[in-house]
Amino acid sequence: MPQKTPLMAVTGSTLVLSPRRPDATAAHAPARTPGPYRRLFALPGTRGFTAGNLIARLPMGMFGISAVLMIAGQRGSYALAGAVTATGLAATALVAPWTARLVDRYGQARIALPATAVAVLGSLSLVLCVRTQAPAWTLFASYAATATTPNIGGMSRARWTHLLPPASHHTAMSFEQAADELCYLLGPVAAAFLCTALFPEAGTLVAAVLLLTGMTVFTAHRTTEPPPAGARPATGTGRSLPRRLLPLLGLFLATGVVFGSMEVTSIAHIGAQGLGAATGPVLALQAAGSCAAGLLYGTRRPRSLRTCLLALAAAMALPWIAAGAGSLALLGCALLLAGAATAPAMVTAMALVQRATPRERLNEGMTLAVTAILGGIAVGSATAGLAVDHLGTTTAYLLPAAAALLALLAAVAGRFDPAAE
């Protein structure tokens, strides 16, 4: 048995207290290593710009449904509401890359805040035109002005890239993907509540205030902002950025088709079963699965893009199987798993965009990827609507599965950076 250290000892003729030896186990206990996300937010300024990022990001999931509910409620036409929001989406696809290029060239604070102010004025103009029964063309013009909204997700990713060593980029990109999913999970719910519980314009007004507030907080943290491209020489090869990213943009277009077709098909399928009230909670499972998987993926070793897309293609077949079984609970579980497969694929694909884009044009590269996703969502939504009308809701679930398979084939055929694979 180990001997205990005596509490008292005799020194000469004096009785004294012996010093207690520290516990050997405690002395050799390893220090607790902080988690990957704690290390991210230990950097000065990261919590501040992330708070602004999340506030400004939430309206991204609010504006579309708020506009539809406001216009349809005041004008009595869902066709007009859909046409106005589609016009805004098309305008965003044209304007967003130019806004991102200006942000990269002149700096986030100098461009993002004025561009946000223009977008907010467009939202306020839309509210005023709807409220005063102005001609229909004014609705299109007002909503098109919101296309100047900067890509807050791209700017946040650019900050992480500027602040962190490459080894930590995976965790940061995973967090950003989870933030996207969280805002698109909460945004529509908040918009629907505001427009129905208060008044039809409430969703758009609150979203505009949140956007301006969040962007102000985000751009106020200048110490974490990457230097503008005008302050350093370009590192590009002279090849246009859209052409350099073309294989990846095709992949993002296909994944956008997955998102758009899945949402429309699920809404139609649940409605056809007479369970329209369950649409929101069931669709929220998909976003929740993606959000949770994104956070978990950030703590794990990144996988290859082909592996992630293979998992996505397999998971996207689950809702079709569940729809054929006719069980709403089974469909909810299938959408949860499908959402969980989405985040790793998106994080890995965004990492490839990051590697293929010169640092001084990173926000533009990220925005091009988001624009491709939006284009795919538009195509997927329209195609799914036709499939539902002509083939039925169960068969229409084959569309997102086919789009995921197309994304996998694009990854197999594309010439991506081998180091990323």
# chains A, B, ... in the order shown; residues from 1 in each chain; ligands from 1
>>> select_by_dssp(residues="range 145-344 of chain A", states="alpha helix (DSSP H)", output="number ranges by chain")
A: 145, 152-163, 169-197, 202-220, 241-244, 246-272, 279-297, 305-315, 318-325, 328-344
>>> closest_atom_pairs(of="range 369-410 of chain A", to="range 250-267 of chain A", cutoff="6 Å", atoms="only C-alpha atoms", output="CSV")
residue,atom,partner,partner_atom,distance
A:Ala372,CA,A:Leu253,CA,4.9
A:Ile373,CA,A:Gly256,CA,4.3
A:Gly376,CA,A:Gly256,CA,3.9
A:Ile377,CA,A:Gly260,CA,4.1
A:Gly380,CA,A:Val257,CA,4.1
A:Ser381,CA,A:Gly260,CA,4.6
A:Ala384,CA,A:Ser261,CA,5.0
A:Pro400,CA,A:Val258,CA,4.3
A:Ala403,CA,A:Ala254,CA,5.6
A:Ala407,CA,A:Leu251,CA,5.1
>>> write_last_selection(atoms="all heavy atoms", output="PDB file, in the first residue's frame")
ATOM      1  N   ALA A 372     -26.313  30.390 -58.172  1.00  0.00           N
ATOM      2  CA  ALA A 372     -26.608  29.136 -58.862  1.00  0.00           C
ATOM      3  C   ALA A 372     -27.642  28.319 -58.089  1.00  0.00           C
ATOM      4  O   ALA A 372     -28.542  27.708 -58.686  1.00  0.00           O
ATOM      5  CB  ALA A 372     -25.322  28.333 -59.041  1.00  0.00           C
ATOM      6  N   ILE A 373     -27.523  28.318 -56.768  1.00  0.00           N
ATOM      7  CA  ILE A 373     -28.512  27.604 -55.945  1.00  0.00           C
ATOM      8  C   ILE A 373     -29.902  28.211 -56.127  1.00  0.00           C
ATOM      9  O   ILE A 373     -30.898  27.491 -56.285  1.00  0.00           O
ATOM     10  CB  ILE A 373     -28.102  27.626 -54.466  1.00  0.00           C
ATOM     11  CG1 ILE A 373     -26.821  26.826 -54.253  1.00  0.00           C
ATOM     12  CG2 ILE A 373     -29.216  27.063 -53.584  1.00  0.00           C
ATOM     13  CD1 ILE A 373     -26.256  26.936 -52.856  1.00  0.00           C
ATOM     14  N   GLY A 376     -31.324  27.176 -59.341  1.00  0.00           N
ATOM     15  CA  GLY A 376     -31.790  25.798 -59.273  1.00  0.00           C
ATOM     16  C   GLY A 376     -33.089  25.659 -58.500  1.00  0.00           C
ATOM     17  O   GLY A 376     -33.952  24.854 -58.871  1.00  0.00           O
ATOM     18  N   ILE A 377     -33.235  26.452 -57.442  1.00  0.00           N
ATOM     19  CA  ILE A 377     -34.487  26.421 -56.677  1.00  0.00           C
ATOM     20  C   ILE A 377     -35.663  26.837 -57.564  1.00  0.00           C
ATOM     21  O   ILE A 377     -36.736  26.225 -57.526  1.00  0.00           O
ATOM     22  CB  ILE A 377     -34.376  27.335 -55.443  1.00  0.00           C
ATOM     23  CG1 ILE A 377     -33.413  26.718 -54.422  1.00  0.00           C
ATOM     24  CG2 ILE A 377     -35.748  27.558 -54.798  1.00  0.00           C
ATOM     25  CD1 ILE A 377     -33.141  27.609 -53.227  1.00  0.00           C
ATOM     26  N   GLY A 380     -36.301  23.996 -59.982  1.00  0.00           N
ATOM     27  CA  GLY A 380     -36.874  22.861 -59.270  1.00  0.00           C
ATOM     28  C   GLY A 380     -38.316  23.093 -58.852  1.00  0.00           C
ATOM     29  O   GLY A 380     -39.153  22.190 -58.951  1.00  0.00           O
ATOM     30  N   SER A 381     -38.615  24.313 -58.404  1.00  0.00           N
ATOM     31  CA  SER A 381     -39.981  24.621 -57.991  1.00  0.00           C
ATOM     32  C   SER A 381     -40.945  24.531 -59.177  1.00  0.00           C
ATOM     33  O   SER A 381     -42.031  23.938 -59.065  1.00  0.00           O
ATOM     34  CB  SER A 381     -40.032  26.031 -57.386  1.00  0.00           C
ATOM     35  OG  SER A 381     -39.216  26.111 -56.241  1.00  0.00           O
ATOM     36  N   ALA A 384     -41.236  20.833 -60.388  1.00  0.00           N
ATOM     37  CA  ALA A 384     -42.004  20.027 -59.441  1.00  0.00           C
ATOM     38  C   ALA A 384     -43.491  20.328 -59.547  1.00  0.00           C
ATOM     39  O   ALA A 384     -44.323  19.420 -59.417  1.00  0.00           O
ATOM     40  CB  ALA A 384     -41.511  20.279 -58.016  1.00  0.00           C
ATOM     41  N   PRO A 400     -36.364  15.398 -56.879  1.00  0.00           N
ATOM     42  CA  PRO A 400     -35.186  15.718 -56.060  1.00  0.00           C
ATOM     43  C   PRO A 400     -34.167  14.591 -56.019  1.00  0.00           C
ATOM     44  O   PRO A 400     -32.958  14.845 -55.968  1.00  0.00           O
ATOM     45  CB  PRO A 400     -35.768  16.010 -54.668  1.00  0.00           C
ATOM     46  CG  PRO A 400     -37.138  15.446 -54.679  1.00  0.00           C
ATOM     47  CD  PRO A 400     -37.611  15.516 -56.084  1.00  0.00           C
ATOM     48  N   ALA A 403     -32.243  14.881 -59.229  1.00  0.00           N
ATOM     49  CA  ALA A 403     -31.354  16.043 -59.203  1.00  0.00           C
ATOM     50  C   ALA A 403     -30.123  15.774 -58.347  1.00  0.00           C
ATOM     51  O   ALA A 403     -29.002  16.184 -58.693  1.00  0.00           O
ATOM     52  CB  ALA A 403     -32.112  17.265 -58.680  1.00  0.00           C
ATOM     53  N   ALA A 407     -26.215  15.782 -59.526  1.00  0.00           N
ATOM     54  CA  ALA A 407     -25.120  16.470 -58.842  1.00  0.00           C
ATOM     55  C   ALA A 407     -23.951  15.518 -58.602  1.00  0.00           C
ATOM     56  O   ALA A 407     -22.782  15.895 -58.748  1.00  0.00           O
ATOM     57  CB  ALA A 407     -25.613  17.050 -57.520  1.00  0.00           C
TER      58      ALA A 407
END
>>> closest_residue(among="A:Ser142, A:Thr299, A:Thr394, A:Thr342", to="Ala172 in chain A", atoms="only C-alpha atoms")
A:Thr299
>>> atom_distance(atom1="CA of Ile65 in chain A", atom2="CA of Phe218 in chain A")
24.8 Å
>>> closest_residue(among="A:Val68, A:Leu58, A:Gln354, A:Gly48", to="Leu241 in chain A", atoms="only C-alpha atoms")
A:Gln354
>>> residues_around(residues="range 347-352 of chain A", least_positions_apart="2", cutoff="8 Å", atoms="only C-alpha atoms", output="list of chain:residue names")
A:His170, A:Met173, A:Ser174, A:Gln177, A:Leu248, A:Gly294, A:Pro302, A:Arg303, A:Ser304, A:Leu305, A:Cys308, A:Ala343, A:Pro344, A:Ala345, A:Gln354, A:Arg355, A:Ala356, A:Met366, A:Ala369, A:Phe416, A:Asp417, A:Ala420
>>> atom_distance(atom1="CA of Ala90 in chain A", atom2="CA of Gly375 in chain A")
8.1 Å
>>> atom_distance(atom1="CA of Thr224 in chain A", atom2="CA of Ala51 in chain A")
13.3 Å
>>> residues_around(residues="Glu364 in chain A", least_positions_apart="3", cutoff="6 Å", atoms="only C-alpha atoms", output="compact mmCIF listing (two decimals) with N, CA and C atoms, in the first residue's frame")
# COMPACT_ATOMS: atom_id res chain seq x y z
N PRO A 97 -24.01 39.14 -57.95
CA PRO A 97 -22.57 39.01 -58.23
C PRO A 97 -21.86 40.35 -58.39
N ALA A 100 -21.35 41.76 -54.95
CA ALA A 100 -20.26 41.03 -54.29
C ALA A 100 -18.90 41.47 -54.82
N ARG A 101 -18.81 41.73 -56.12
CA ARG A 101 -17.54 42.18 -56.69
C ARG A 101 -17.15 43.54 -56.12
N ARG A 361 -11.30 37.83 -54.21
CA ARG A 361 -12.60 37.75 -54.89
C ARG A 361 -13.49 36.70 -54.23
N THR A 367 -20.93 34.27 -53.71
CA THR A 367 -22.21 34.78 -54.21
C THR A 367 -22.61 34.10 -55.51
>>> closest_residue(among="A:Pro150, A:Pro36, A:Pro200, A:Gln286", to="Arg110 in chain A", atoms="only C-alpha atoms")
A:Pro150
>>> residues_around(residues="Ala313 in chain A", least_positions_apart="6", cutoff="8 Å", atoms="only C-alpha atoms", output="list in words")
Ala401, Ala402, Ala404, Leu405 and Leu408 of chain A
>>> closest_residue(among="A:Tyr184, A:Phe199, A:Trp160, A:Tyr297", to="Leu40 in chain A", atoms="only C-alpha atoms")
A:Trp160
>>> closest_residue(among="A:Ala329, A:Ala158, A:Leu337, A:Ala202", to="Ala311 in chain A", atoms="only C-alpha atoms")
A:Leu337
